[in-house]
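Colleague: Next up, my_file-v8.cif (mmCIF, C-alpha atoms and all ligand atoms).
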data_entry
#
loop_
_atom_site.label_atom_id
_atom_site.label_comp_id
_atom_site.auth_asym_id
_atom_site.auth_seq_id
_atom_site.Cartn_x
_atom_site.Cartn_y
_atom_site.Cartn_z
CA MET X 1 -20.38 15.44 -3.74
CA SER X 2 -20.42 11.63 -3.78
CA GLU X 3 -17.37 9.52 -3.05
CA SER X 4 -16.69 8.83 -6.72
CA ASP X 5 -17.03 12.52 -7.67
CA THR X 6 -14.12 13.44 -5.44
CA VAL X 7 -11.77 11.37 -7.64
CA LEU X 8 -12.52 11.12 -11.35
CA SER X 9 -11.43 7.85 -12.90
CA ALA X 10 -10.95 7.01 -16.59
CA LEU X 11 -9.23 4.07 -18.30
CA ALA X 12 -7.90 4.46 -21.86
CA ASP X 13 -5.06 2.69 -23.69
CA GLY X 14 -4.03 0.89 -20.51
CA VAL X 15 -3.68 4.13 -18.53
CA LEU X 16 -5.93 4.68 -15.53
CA THR X 17 -6.21 8.43 -14.96
CA LEU X 18 -7.18 9.40 -11.42
CA THR X 19 -8.04 13.07 -11.00
CA LEU X 20 -8.37 14.56 -7.51
CA ASN X 21 -11.55 16.56 -7.77
CA ARG X 22 -12.26 19.03 -4.98
CA PRO X 23 -11.06 22.10 -6.90
CA ASP X 24 -12.78 24.63 -4.59
CA LYS X 25 -10.54 23.31 -1.77
CA LEU X 26 -7.46 22.93 -3.97
CA ASN X 27 -8.17 19.17 -3.83
CA ALA X 28 -7.55 18.97 -0.09
CA PHE X 29 -8.15 15.49 1.30
CA ASN X 30 -11.33 14.72 3.18
CA ASP X 31 -12.33 11.17 4.15
CA GLU X 32 -14.43 10.72 0.99
CA MET X 33 -11.57 11.65 -1.31
CA HIS X 34 -9.24 9.34 0.60
CA LEU X 35 -11.59 6.40 0.14
CA ALA X 36 -12.15 7.19 -3.54
CA LEU X 37 -8.42 7.47 -4.26
CA ARG X 38 -7.74 4.27 -2.37
CA ALA X 39 -10.43 2.53 -4.47
CA GLY X 40 -8.72 3.84 -7.61
CA PHE X 41 -5.34 2.40 -6.59
CA GLU X 42 -6.94 -0.88 -5.48
CA ARG X 43 -8.43 -1.13 -8.96
CA ALA X 44 -5.00 -0.46 -10.45
CA HIS X 45 -3.60 -3.36 -8.42
CA ALA X 46 -6.39 -5.77 -9.40
CA ASP X 47 -7.31 -4.90 -12.99
CA GLU X 48 -4.93 -6.37 -15.56
CA ASN X 49 -6.20 -3.89 -18.16
CA VAL X 50 -4.54 -1.16 -16.11
CA ARG X 51 -0.88 -0.93 -17.12
CA ALA X 52 -0.02 2.51 -15.77
CA VAL X 53 -1.64 5.11 -13.53
CA LEU X 54 -1.71 8.85 -14.09
CA LEU X 55 -2.47 10.91 -10.97
CA THR X 56 -3.36 14.59 -11.30
CA GLY X 57 -5.65 17.28 -9.89
CA ALA X 58 -8.64 19.22 -11.20
CA GLY X 59 -8.56 23.01 -11.25
CA ARG X 60 -5.61 25.19 -10.26
CA GLY X 61 -4.15 22.90 -7.58
CA PHE X 62 -2.80 19.39 -7.33
CA SER X 63 -3.63 18.98 -3.63
CA ALA X 64 -3.37 21.22 -0.56
CA GLY X 65 -3.00 18.17 1.71
CA GLN X 66 -5.37 17.46 4.55
CA ASP X 67 -8.65 19.42 4.53
CA LEU X 68 -8.01 21.66 7.51
CA GLY X 69 -11.71 22.54 7.70
CA ASP X 70 -12.17 19.00 9.05
CA ARG X 71 -9.49 19.67 11.67
CA ASP X 72 -10.93 22.77 13.30
CA PRO X 73 -10.15 22.35 17.03
CA LYS X 74 -13.47 24.07 17.82
CA LYS X 75 -15.31 21.22 16.10
CA GLY X 76 -13.29 18.52 17.86
CA VAL X 77 -10.24 16.94 16.29
CA PRO X 78 -10.13 13.18 15.59
CA ASP X 79 -7.30 10.95 16.82
CA LEU X 80 -4.64 12.21 14.39
CA GLY X 81 -2.36 9.21 14.81
CA GLN X 82 -5.34 7.15 13.85
CA THR X 83 -6.07 9.21 10.71
CA ILE X 84 -2.50 8.69 9.50
CA GLU X 85 -2.83 4.92 9.94
CA THR X 86 -6.37 4.88 8.59
CA PHE X 87 -5.82 7.01 5.51
CA TYR X 88 -2.39 8.35 4.58
CA ASN X 89 -0.14 5.39 5.33
CA PRO X 90 -2.35 2.79 3.58
CA LEU X 91 -2.49 5.08 0.53
CA LEU X 92 1.29 5.44 0.48
CA ARG X 93 1.74 1.69 0.78
CA LEU X 94 -0.73 1.13 -2.07
CA ILE X 95 1.14 3.56 -4.32
CA ARG X 96 4.61 2.28 -3.47
CA SER X 97 3.69 -1.41 -3.75
CA LEU X 98 1.90 -1.09 -7.09
CA GLU X 99 3.79 -3.12 -9.68
CA LYS X 100 2.63 -0.77 -12.42
CA PRO X 101 4.15 2.69 -12.88
CA VAL X 102 2.48 5.72 -11.34
CA ILE X 103 3.02 9.00 -13.19
CA CYS X 104 2.08 12.15 -11.33
CA ALA X 105 1.24 15.38 -13.16
CA VAL X 106 1.43 18.17 -10.60
CA ASN X 107 -0.76 20.84 -12.15
CA GLY X 108 -0.56 23.49 -9.41
CA VAL X 109 0.11 23.81 -5.71
CA ALA X 110 1.06 20.61 -3.86
CA ALA X 111 1.18 21.21 -0.11
CA GLY X 112 1.61 18.98 2.93
CA ALA X 113 0.46 15.44 2.25
CA GLY X 114 -0.43 16.58 -1.28
CA ALA X 115 3.27 17.17 -2.00
CA ASN X 116 4.43 13.95 -0.38
CA ILE X 117 1.90 11.85 -2.29
CA ALA X 118 3.32 13.36 -5.51
CA PHE X 119 6.86 12.46 -4.37
CA ALA X 120 5.80 8.86 -3.71
CA CYS X 121 4.96 8.36 -7.38
CA ASP X 122 7.42 6.78 -9.81
CA ILE X 123 7.71 9.74 -12.18
CA THR X 124 6.59 13.24 -11.22
CA LEU X 125 6.11 16.03 -13.74
CA ALA X 126 5.58 19.62 -12.70
CA ALA X 127 3.56 22.13 -14.69
CA ARG X 128 4.91 25.67 -14.89
CA SER X 129 2.30 26.55 -12.23
CA ALA X 130 3.36 23.81 -9.79
CA ARG X 131 4.47 24.82 -6.28
CA PHE X 132 5.65 22.44 -3.57
CA ILE X 133 5.26 23.23 0.13
CA GLN X 134 6.20 21.15 3.16
CA ALA X 135 3.47 23.00 5.04
CA PHE X 136 3.64 20.92 8.22
CA ALA X 137 5.84 23.07 10.50
CA LYS X 138 3.62 26.06 9.71
CA ILE X 139 0.63 24.34 11.34
CA GLY X 140 2.45 22.54 14.15
CA LEU X 141 2.95 19.17 12.51
CA VAL X 142 5.77 17.04 11.14
CA PRO X 143 5.66 15.55 7.63
CA ASP X 144 3.54 12.53 6.91
CA SER X 145 2.83 10.49 3.81
CA GLY X 146 6.46 9.43 3.69
CA GLY X 147 7.97 12.92 3.35
CA THR X 148 10.85 12.29 5.76
CA TRP X 149 11.59 9.13 3.76
CA SER X 150 11.19 10.39 0.19
CA LEU X 151 12.66 13.90 0.39
CA PRO X 152 16.19 12.93 1.55
CA ARG X 153 16.24 10.26 -1.16
CA LEU X 154 15.20 12.72 -3.84
CA ILE X 155 17.21 15.82 -2.91
CA GLY X 156 19.60 14.82 -0.09
CA GLU X 157 19.30 15.26 3.65
CA ALA X 158 20.40 18.91 3.92
CA ARG X 159 17.95 20.21 1.31
CA ALA X 160 15.18 18.00 2.70
CA THR X 161 15.83 19.37 6.18
CA GLU X 162 15.72 22.95 4.95
CA LEU X 163 12.44 22.50 3.07
CA ILE X 164 10.79 20.65 5.95
CA LEU X 165 11.92 23.04 8.69
CA THR X 166 11.18 26.26 6.77
CA GLY X 167 8.04 25.20 4.94
CA ARG X 168 9.09 27.52 2.12
CA THR X 169 7.59 27.30 -1.35
CA VAL X 170 9.57 25.59 -4.12
CA ASP X 171 8.51 26.59 -7.63
CA ALA X 172 8.60 24.32 -10.68
CA ASP X 173 11.98 25.57 -11.93
CA GLU X 174 13.69 24.94 -8.59
CA ALA X 175 11.90 21.61 -8.18
CA GLU X 176 13.35 20.45 -11.49
CA ARG X 177 16.81 21.85 -10.74
CA ILE X 178 17.18 20.12 -7.36
CA GLY X 179 15.61 16.83 -8.49
CA LEU X 180 12.40 17.08 -6.51
CA VAL X 181 10.54 16.30 -9.74
CA ASP X 182 11.67 14.56 -12.88
CA ARG X 183 10.96 17.48 -15.15
CA ARG X 184 9.08 20.72 -15.59
CA VAL X 185 6.74 20.92 -18.55
CA PRO X 186 5.31 23.96 -20.34
CA ALA X 187 2.12 25.59 -19.10
CA GLY X 188 -0.94 23.51 -19.92
CA ALA X 189 1.11 20.55 -21.17
CA ASP X 190 1.52 18.66 -17.90
CA ARG X 191 -1.39 16.28 -18.32
CA LYS X 192 -0.74 15.73 -22.04
CA THR X 193 2.95 15.03 -21.45
CA ALA X 194 2.19 12.73 -18.50
CA LEU X 195 -0.41 10.87 -20.55
CA GLU X 196 2.04 10.38 -23.42
CA LEU X 197 4.61 9.07 -20.95
CA ALA X 198 2.11 6.75 -19.29
CA THR X 199 0.80 5.50 -22.64
CA THR X 200 4.36 4.75 -23.83
CA ILE X 201 5.06 2.72 -20.70
CA ALA X 202 1.63 1.02 -20.88
CA GLY X 203 2.52 -0.12 -24.41
CA ASN X 204 5.72 -1.86 -23.24
CA SER X 205 5.97 -5.39 -21.89
CA PRO X 206 3.96 -5.64 -18.64
CA VAL X 207 6.35 -8.31 -17.35
CA GLY X 208 9.41 -6.20 -18.20
CA VAL X 209 7.94 -3.06 -16.64
CA ARG X 210 6.81 -4.91 -13.51
CA ASN X 211 10.14 -6.62 -12.91
CA ALA X 212 12.18 -3.52 -13.71
CA LYS X 213 10.14 -1.54 -11.19
CA ARG X 214 10.54 -4.33 -8.63
CA ALA X 215 14.33 -4.39 -9.13
CA LEU X 216 14.55 -0.59 -8.90
CA ARG X 217 12.51 -0.52 -5.70
CA ARG X 218 14.42 -3.33 -3.99
CA GLY X 219 17.82 -2.51 -5.45
CA SER X 220 18.03 1.18 -4.59
CA ASP X 221 18.58 0.64 -0.85
CA VAL X 222 21.09 -2.23 -0.89
CA ASP X 223 24.80 -2.72 -1.58
CA LEU X 224 26.07 -3.58 -5.06
CA ALA X 225 26.38 -7.33 -4.43
CA THR X 226 22.79 -7.52 -3.20
CA GLY X 227 21.68 -5.19 -5.98
CA LEU X 228 23.17 -7.48 -8.61
CA ASP X 229 21.32 -10.43 -7.03
CA VAL X 230 18.07 -8.48 -7.07
CA GLU X 231 18.62 -7.52 -10.72
CA ASP X 232 19.53 -11.10 -11.61
CA GLY X 233 16.27 -12.33 -10.06
CA ALA X 234 14.27 -9.76 -12.01
CA TRP X 235 16.17 -10.63 -15.18
CA ARG X 236 15.45 -14.36 -14.85
CA ALA X 237 11.78 -13.72 -14.06
CA THR X 238 11.57 -11.72 -17.29
CA ALA X 239 13.89 -13.59 -19.65
CA PHE X 240 11.82 -16.78 -19.58
CA SER X 241 8.46 -14.99 -19.88
CA GLY X 242 5.98 -15.06 -22.71
CA ASP X 243 6.50 -11.31 -23.07
CA ARG X 244 10.15 -11.79 -23.88
CA ALA X 245 9.35 -14.45 -26.51
CA GLU X 246 6.66 -12.20 -28.02
CA GLY X 247 8.90 -9.12 -27.93
CA VAL X 248 11.70 -10.80 -29.85
CA ALA X 249 9.30 -12.47 -32.30
CA ALA X 250 7.53 -9.17 -32.97
CA PHE X 251 10.88 -7.46 -33.62
CA ASN X 252 11.95 -10.14 -36.09
CA GLU X 253 8.56 -10.13 -37.81
CA LYS X 254 8.53 -6.32 -37.95
CA ARG X 255 5.19 -5.96 -36.16
CA ARG X 256 3.88 -4.53 -32.91
CA PRO X 257 4.03 -6.99 -30.00
CA ASP X 258 0.83 -8.44 -28.58
CA TRP X 259 1.97 -8.91 -24.98
CA PRO X 260 0.68 -11.99 -23.13
CA GLY X 261 1.62 -10.16 -19.91
CA ARG X 262 3.12 -13.24 -18.24
O1 LIG X 301 -4.98 16.03 10.12
C1 LIG X 301 -4.48 14.97 9.80
O2 LIG X 301 -5.17 13.97 9.50
C2 LIG X 301 -3.00 14.87 9.73
C3 LIG X 301 -2.54 14.90 8.33
C4 LIG X 301 -2.01 16.02 7.80
C5 LIG X 301 -1.58 16.05 6.39
C6 LIG X 301 -1.36 17.42 5.83
O3 LIG X 301 -1.46 17.57 4.65
S1 LIG X 301 -1.02 18.72 6.87
C7 LIG X 301 -0.89 20.10 5.75
C8 LIG X 301 -2.26 20.67 5.41
N1 LIG X 301 -2.18 21.67 4.36
C9 LIG X 301 -1.78 22.92 4.57
O4 LIG X 301 -1.36 23.30 5.64
C10 LIG X 301 -1.88 23.86 3.39
C11 LIG X 301 -2.97 24.90 3.66
N2 LIG X 301 -3.18 25.75 2.48
C12 LIG X 301 -2.34 26.75 2.18
O5 LIG X 301 -1.36 27.02 2.83
C13 LIG X 301 -2.70 27.55 0.96
O6 LIG X 301 -4.08 27.40 0.70
C14 LIG X 301 -1.89 27.10 -0.29
C15 LIG X 301 -0.44 27.55 -0.15
C16 LIG X 301 -1.96 25.59 -0.48
C17 LIG X 301 -2.49 27.77 -1.55
O7 LIG X 301 -2.54 29.16 -1.37
P1 LIG X 301 -3.37 30.05 -2.40
O8 LIG X 301 -3.19 31.48 -1.97
O9 LIG X 301 -2.99 29.69 -3.79
O10 LIG X 301 -4.92 29.58 -2.24
P2 LIG X 301 -5.88 29.91 -1.02
O11 LIG X 301 -6.66 31.13 -1.31
O12 LIG X 301 -5.17 29.84 0.27
O13 LIG X 301 -6.88 28.63 -1.08
C18 LIG X 301 -7.95 28.54 -2.03
C19 LIG X 301 -9.10 27.89 -1.32
O14 LIG X 301 -8.74 26.57 -0.93
C20 LIG X 301 -9.48 28.63 -0.03
O15 LIG X 301 -10.86 28.51 0.13
P3 LIG X 301 -11.84 29.79 -0.02
O16 LIG X 301 -11.33 30.84 0.91
O17 LIG X 301 -11.69 30.18 -1.47
O18 LIG X 301 -13.20 29.25 0.30
C21 LIG X 301 -8.76 27.85 1.03
O19 LIG X 301 -9.34 27.95 2.29
C22 LIG X 301 -8.93 26.42 0.48
N3 LIG X 301 -7.87 25.55 1.00
C23 LIG X 301 -6.56 25.57 0.72
N4 LIG X 301 -5.93 24.63 1.39
C24 LIG X 301 -6.85 24.00 2.14
C25 LIG X 301 -8.10 24.59 1.89
N5 LIG X 301 -9.21 24.19 2.50
C26 LIG X 301 -9.08 23.16 3.38
N6 LIG X 301 -7.93 22.55 3.65
C27 LIG X 301 -6.79 22.93 3.07
N7 LIG X 301 -5.64 22.27 3.32
#
Spell out the structure here as structure tokens.
Modeller:
Amino acid sequence: MSESDTVLSALADGVLTLTLNRPDKLNAFNDEMHLALRAGFERAHADENVRAVLLTGAGRGFSAGQDLGDRDPKKGVPDLGQTIETFYNPLLRLIRSLEKPVICAVNGVAAGAGANIAFACDITLAARSARFIQAFAKIGLVPDSGGTWSLPRLIGEARATELILTGRTVDADEAERIGLVDRRVPAGADRKTALELATTIAGNSPVGVRNAKRALRRGSDVDLATGLDVEDGAWRATAFSGDRAEGVAAFNEKRRPDWPGR
């Protein structure tokens, strides 16, 4: 399988869909898939035609995390600290720093790094068949891909601790109930629902979306006074933009806006 085959990429209506594509391995990450996914997110950063990203998996899984076949101690294990810095952390930084929204449709099992990559996305939908597993303690590891950062923020420290230390499976209903995902969607509708969501956002003002995401990211970890400053900065950067002028004009002229995107 070539590098590009391990992640399918398609751009339509401003939405770049990236599909993890190693279904026989439940889309476990090998080096090729890492590089292909990184290339997909680098394109999302650089290509102004991309206004939102949809991340999902082919087959019955979203991703089972690291390909453990490549970590067989009998075959010789690479420097694992190095693989985190070479692959997982750069990917997480790319996802979190993207100024366009990333919607994740978790179509099946999401284990280890596979789960934590899903939690790094802006909006995460879970199909009825989704399962989330902090698999690390079961194989003698601690979470990576930002799990110790994202889980307490999503579900609180006590629940995060329980999931990480037990490695138990969380199904889609529980994931929705405790706030691990934004919502559960009916069987077979995860990709369709995620695409509708992504297309809706991609049709909104790129400047508004970008600055709202920036304010949310920077504002969520600071006190109110700082948060208001952050929001004010985002507001000013948007209020004097061409998008704002076009948005108001389009409303008054009863037509769809044609966003300049600046
Ligand atoms: O090493 C580093 O660089 C450090 C970074 C680590 C990051 C991490 O992600 S660590 C966590 C790694 N992932 C896991 O520990 C999960 C391992 N997989 C499982 O526990 C189970 O497969 C699942 C709970 C995910 C799914 O169970 P189930 O019963 O639905 O499916 P299955 O039968 O176990 O798996 C189906 C196939 O996928 C099977 O192959 P086969 O027998 O049909 O040829 C299985 O071996 C393969 N598969 C599943 N997970 C992985 C995998 N192959 C390689 N790597 C995997 N992670």
Colleague: To box segment 57-76 of chain X, take all atoms listed in the file, fit an axis-aligned box, add 4 Å on each side, and give centre and edge lengths in Å to one decimal, as AutoDock Vina command-line options.
Modeller:
--center_x -9.1 --center_y 21.2 --center_z 3.3 --size_x 20.5 --size_y 15.9 --size_z 37.1
Colleague: Take atom CA of Arg262 of chain X and atom CA of Pro206 of chain X and report the distance between them in Å, one decimal.
Modeller: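 The value is 7.7 Å.
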Colleague: Residues contacting ligand LIG 301 (chain X) - anything with an atom at most 9 Å away, using all atoms listed in the file - can you give me those as number ranges by chain?
Modeller: X: 23-30, 60-61, 63-71, 77-84, 87-88, 108-116, 131-145, 169
Colleague: Take atom CA of Gly76 of chain X and atom CA of His34 of chain X and report the distance between them in Å, one decimal.
Modeller: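 Atom-to-atom, atom CA of Gly76 of chain X and atom CA of His34 of chain X are spaced 20.0 Å apart.
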Colleague: May I ask for the distance between atom CA of Asn252 of chain X and atom CA of Ser205 of chain X, given in Å to one decimal place?
Modeller: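 Straight-line distance from atom CA of Asn252 of chain X to atom CA of Ser205 of chain X works out to 16.1 Å.
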Colleague: Calculated over all atoms listed in the file, which of the candidates X:Asn211, X:Thr193, X:Asn107, X:Ser220 has the smallest distance to Asp171 of chain X?
Modeller: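 When distances to Asp171 of chain X are compared using all atoms listed in the file, the smallest one comes from X:Asn107.
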Colleague: Within 9 Å of Leu125 of chain X, counting all atoms listed in the file, which residues show up once you throw out same-chain ones fewer than 4 positions away? Write them as a PyMOL selection string, please.
Modeller: chain X and resi 103-107+176+181-185+190-191+193-194
Colleague: As a list in words, please: the residues near Ile178 of chain X (cut-off 12 Å, only C-alpha atoms, same-chain neighbours under 4 positions excluded).
Modeller: Leu151, Pro152, Arg153, Leu154, Ile155, Gly156, Ala158, Arg159, Ala160, Leu163, Val170, Asp171, Ala172, Asp173, Glu174, Asp182, Arg183 and Arg184 of chain X
Colleague: Can you work out which one of X:Arg177, X:Trp149, X:Thr124, X:Ile164 has the shortest atom-to-atom distance to Asp221 of chain X, counting all atoms listed in the file?
Modeller: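 The closest residue to Asp221 of chain X is X:Trp149.
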Colleague: Counting only C-alpha atoms, which of X:Ala126, X:Pro90, X:Leu35, X:Asp243 gets nearest to Lys192 of chain X?
Modeller: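 Closest to Lys192 of chain X of all the choices is X:Ala126.
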Colleague: Ranking X:Ala36, X:Val50, X:Ala58, X:Ile123 by minimum distance to Asn21 of chain X and counting only C-alpha atoms, which one comes first?
Modeller: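 Closest residue, counting only C-alpha atoms: X:Ala58.
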Colleague: Using all atoms listed in the file, which residues sit within 10 Å of Glu42 of chain X once same-chain residues fewer than 3 positions away are excluded, as a VMD selection string?
Modeller: chain X and resid 36 to 39 45 to 47 91 94 to 95 98
Colleague: Pick out the closest residue to Gly233 of chain X from this set: X:Val7, X:Leu216, X:Cys121, X:Leu92. Count only C-alpha atoms.
Modeller: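 Looking at the shortest contact to Gly233 of chain X, the residue is X:Leu216.
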